[in-house]
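Read the structure below first, then the notes.
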Amino acid sequence: MAAGVLVISAAYAAGRHGSPGSAWHAAYWLGEALLFGPLAWRLLSRSGPGESEAAGLVLCAAAATYLVKVAYSPAAFRFPDELEHLRTTSNLLSSHHLFGVNYLLPVSAFYPGLEEVTGAVVTLTGLPVFTAGLIVAGLAHVLFAAALFVVFRQVSGSPRIAAAACAIYATNPHYQVFDAIYGYQTLALAFFGLALAAALDRIRWVLAVTMIAATVITHHVTSYVLAGSLLLLTGVGAFRRRFRQYGFLSVAILAAACLGLVVLWVALAAPGTVSYLEPTVRGLTGVFTSHRSAGSGAPAGPLTDQLASYAATALIMIGLPFGWWQIWRKQRHNTWALALGAGSSAYYLAALVRVAVPDGSELAGRSLTFIYIPVGYTLAMAAAGPVRALLRRITVPRRITRSSRPAFAAAAGILLVGGIAAGWPPYWERLPGQYFVDGFESGITTEGIAAATWARTTLGPGQRIAADFTNYLLLGSYGDQDPVGDLDALYCGPGWTDDDEALANQQAIGYLLVDLRMSEQAAVTGGYFADSSAVCPSPIPRQDLTKFDAVPGFDRVYDSGNIVIYARAGAQDAP
Amino acid sequence: MRRDTTVTAAVTVAAAIVLLLTAGGGAAITVLRILAGLPLILILPGYALGPLMLPAGSGRPTHIGPLLWRAMWVPGLSLAVTVLGGLVLNLTSVGLTRVSWTTLLTAVTLAALAASTCLPARRSAKGTRGPRTPSGGGSWPTGPLVGYAAAALAISGAAVGLAVASAGWEHSPGFAQLWLVPAASGEAGLGVRSAYSGAETFHLVLRGDTNALLSWDFTLGSGQTWRRTISAPVGQHLTARLTITGESAAETVAING
């Protein structure tokens, strides 16, 4: 596994050196194979891993995948979500209090668990926020893997199935990077897993409630999924009419406690969550109404990536019923196993969302972080039983092998490649190093960071600055400003109109940052601004971006070649 | 009192003393604070709370080895204590500071240790043992495994080292930052910062409404800054133009005083 990390790190280094050729892309995939190879090899071996080995392999895989994320961004936070949480952390460190205003991700201030822990590490040790964040996120990533293994191990009764379920889970599109970044979900997942582990066999009340409370304080969606999971367990227990057995009345009480904490937190501390999640919920309801967007769910990227993604999806959809069959045959008296089997059916709903909902790819992708938990278990059960038996019958030619191992190895490869292809970072920045204007991690440059740092030291913190997406993130994090990232209307068009003036006044814009590279490169992400519905042409004509030189009331106060900052007279206070 | 309780309490108090008495400082102090701070946040509270929160009647699940079970809960509980404790600190006027964090985490750890010593010995002993221990679940790795682990650590270290080293390889042609910002009382701040990899010589011209007012030639190394405060009378239009010697491209800033 370590060798896999080294090979991937070498591929990343080659990308940064400016030589991301096909050989280094191949090296990246080789590294992934080396990383997951030992786990797959031991799971497919005749004897299978023992107790300690299974746990060790799962934890080592978690640590190795985390190092892959570290190798991608080893010197500073670059992922957009990381920059958003960097601002909440900076607010905490400067004010010594929680719930400060964060214009980048307002809702993150209401879920400060990650920032509290990171802030404590920074405050007590003197480590930089980046290093402290890496420690906290890495620990959370490995803890989550440990908790998952414990849950799967206890439910399945087999270390091999538990490790297989964890391995399948690790192929989910966001496991390697998005669920390991410095983001609130990364830490909340650890608490989520620990809360489930605390409810295994019998409920350890103090532990369970502590972990539920920590989840609720750390991340909204994770706490909702935790409540949903406990409700599902309750429902399955009710279906089996085994309330007394295994204490499922206790699970019902725990689910109610979780729901109560969620409602209490949203009502008292985080009312902004409702407006934050409302567009997502409205988008989801589009599945059942007429709000459809043709083709929005198609996975983008090269044909090979698309094929791998579809193949992985098809494999899972075909495999799940085998898992249900096996669970029903072998574990119909195990409420947790039944709940995991039932939960895995959400994968089909996610697939529907992917193709039927506007922005469905992102929604479905995010949900897979949670849906892959039951999917991993159900597929592992399928592999352990009916699929193995089926493959032994049909594997041809029998003279070559009677074993089902090659088929399982191929399936594991498809899941891994399909997951990475549909995951983060996208194909065009799978190897870092190439610059793409407003291209997420690839849009971060020293020039942008320098402009943000200049704004903090020269203009002072808290200025209202309009900017494109990448500079909006940099200004809000490194720059300590209160930026606005969705004012594409100010940039589009050759002149400064009365509507522009009114919009700027309404948003209390005191400064306006123009990144002239928007006139040189088409937007690889589809847009240059935080508002995904922005309608600027791509690239934006140069004269549209330089029009501010001639607008009365604008002073051109900063120029670094690609980035220009204008001061706007008559700005009001922030709304 | 059990021996490990005494040791844990001693380590906690020592960490607290280090953290309360040291702030800022050089490399040695930083190392000391890291050695004291990380365990106090990530290990000690969970280690102390474990016997309390996992008592005899609700021990670990049947199939889970004790080492994994304990290793999972110690940092997990510590993180949860920090998250929940931060909310409490936020209610105080002091807030989340070095002193308040140290006090809170030390108090929680010592209180948990004190409470656990009050538990009946039989409960404590049962609480660390499940009904059935899976084979190999609780043993430490020995022999060749230690060698494999050391090799894996070395290779992983090389991977991270390569990543950190290569972080500086990202191609950047270099740039200079030029600014002209109005200040109070009819003045303006004019500045240049070089972000080229080597030393560059710059030519800066400041113009009024019609003619050049001032010009400067200076050389800046990477990361160096040049600043001046200039007069910017009300109503006067000022333009500053920066070029690098031998190049035609220019950066321009302009303000109305």
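Here's how to read the names in the structure tokens: chain A, B, ... by the order shown, residue numbers from 1 in each chain, ligand numbers from 1 in the order shown.
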
Notebook entry, point to check: Which residues in range 60-159 of chain A does DSSP call alpha helix (DSSP H)? List them as a PyMOL selection string.
Noted result: chain A and resi 60-72+80-95+113-125+129-156+159

Item checked: Test item: chain B residues at most 6 Å from chain A, counting only C-alpha atoms, as an MDAnalysis selection string -> chainID B and resid 33:34 37 58 63 80 82:83 90 95:96 98 136:137 152 155:156 159:160 163:164 166 169:170 176:181 251 253:255

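Between CA of Ala382 in chain A and CA of Gly319 in chain A there is a distance of 6.7 Å.
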
Margin query: List the spatial neighbours of range 6-10 of chain B as a ChimeraX atom specification - criterion: any atom at most 8 Å away, only C-alpha atoms, same-chain residues fewer than 2 positions off excluded.
Written below: /B:1-4,12-14,44,48,109-110,113

Notebook entry, point to check: At what distance in Å, to one decimal, does CA of Thr239 in chain B lie from CA of Thr225 in chain B?
Noted result: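 So the two atoms, CA of Thr225 in chain B and CA of Thr239 in chain B, lie 19.4 Å apart.
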
Notebook entry, point to check: Separation of CA of Gln521 in chain A and CA of Pro539 in chain A, in Å?
Noted result: 5.7 Å

Next item on the list: Considering only C-alpha atoms, state which residue in the set A:Tyr276, A:Trp496, A:Phe529, A:Trp24 is at the smallest distance from Val551 in chain A.
Entry: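 Closest to Val551 in chain A of all the choices is A:Trp496.
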
Close residues, Leu79 in chain B itself excluded, 8 Å, only C-alpha atoms, min 6 positions apart in chain, as a PDB file with N, CA and C atoms, in the first residue's frame:
ATOM      1  N   VAL A 117     -11.991  21.558  17.213  1.00  0.00           N
ATOM      2  CA  VAL A 117     -10.866  20.645  17.437  1.00  0.00           C
ATOM      3  C   VAL A 117      -9.593  21.226  16.819  1.00  0.00           C
TER       4      VAL A 117
ATOM      5  N   ILE B  41      -5.308  16.803  23.800  1.00  0.00           N
ATOM      6  CA  ILE B  41      -6.526  16.966  22.995  1.00  0.00           C
ATOM      7  C   ILE B  41      -7.026  15.621  22.454  1.00  0.00           C
ATOM      8  N   LEU B  42      -6.105  14.794  21.971  1.00  0.00           N
ATOM      9  CA  LEU B  42      -6.515  13.640  21.173  1.00  0.00           C
ATOM     10  C   LEU B  42      -6.505  12.308  21.918  1.00  0.00           C
ATOM     11  N   GLY B  46     -10.110  10.895  26.342  1.00  0.00           N
ATOM     12  CA  GLY B  46     -10.754   9.637  25.962  1.00  0.00           C
ATOM     13  C   GLY B  46     -10.226   8.462  26.759  1.00  0.00           C
TER      14      GLY B  46
END

Next item on the list: Identify, on the basis of only C-alpha atoms, every residue whose closest approach to Leu242 in chain B does not exceed 7 Å; exclude the query and any residue fewer than 2 positions from it along the same chain; express the result as a list of chain:residue names.
Entry: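 Here the answer would be B:Phe202, B:His203, B:Leu204, B:Val205, B:Ala240, B:Ile244, B:Ala250, B:Glu251, B:Thr252.
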
Note to self: Give me, as a PyMOL selection string, all polymer residues having an atom no more than 8 Å from Ser231 in chain B, counting only C-alpha atoms and skipping those fewer than 5 positions away in the same chain.
What the structure shows: chain B and resi 186-188

Saved selection, atoms kept: C-alpha atoms, as a JSON list (two decimals), in the first residue's frame:
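Wrote it out as again_16.json, contents follow:
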[["chain", "number", "residue", "atom", "x", "y", "z"],
["B", 186, "GLY", "CA", -4.31, 63.87, 0.96],
["B", 187, "GLU", "CA", -1.78, 61.06, 0.77],
["B", 188, "ALA", "CA", -1.59, 57.72, -0.95]]

Check: So which residues touch Pro173 in chain B within 10 Å, counting only C-alpha atoms, skipping near sequence neighbours fewer than 6 positions away, as a list in words?
Finding: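 In the requested format, the answer is Ala195, Tyr196 and Ser197 of chain B.
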
What does the file look like for those residues with C-alpha atoms, as a PDB file, in the first residue's frame?
ATOM      1  CA  ALA B 195       7.121  37.529  -6.615  1.00  0.00           C
ATOM      2  CA  TYR B 196       9.728  36.602  -9.233  1.00  0.00           C
ATOM      3  CA  SER B 197      12.051  33.763  -8.364  1.00  0.00           C
TER       4      SER B 197
END
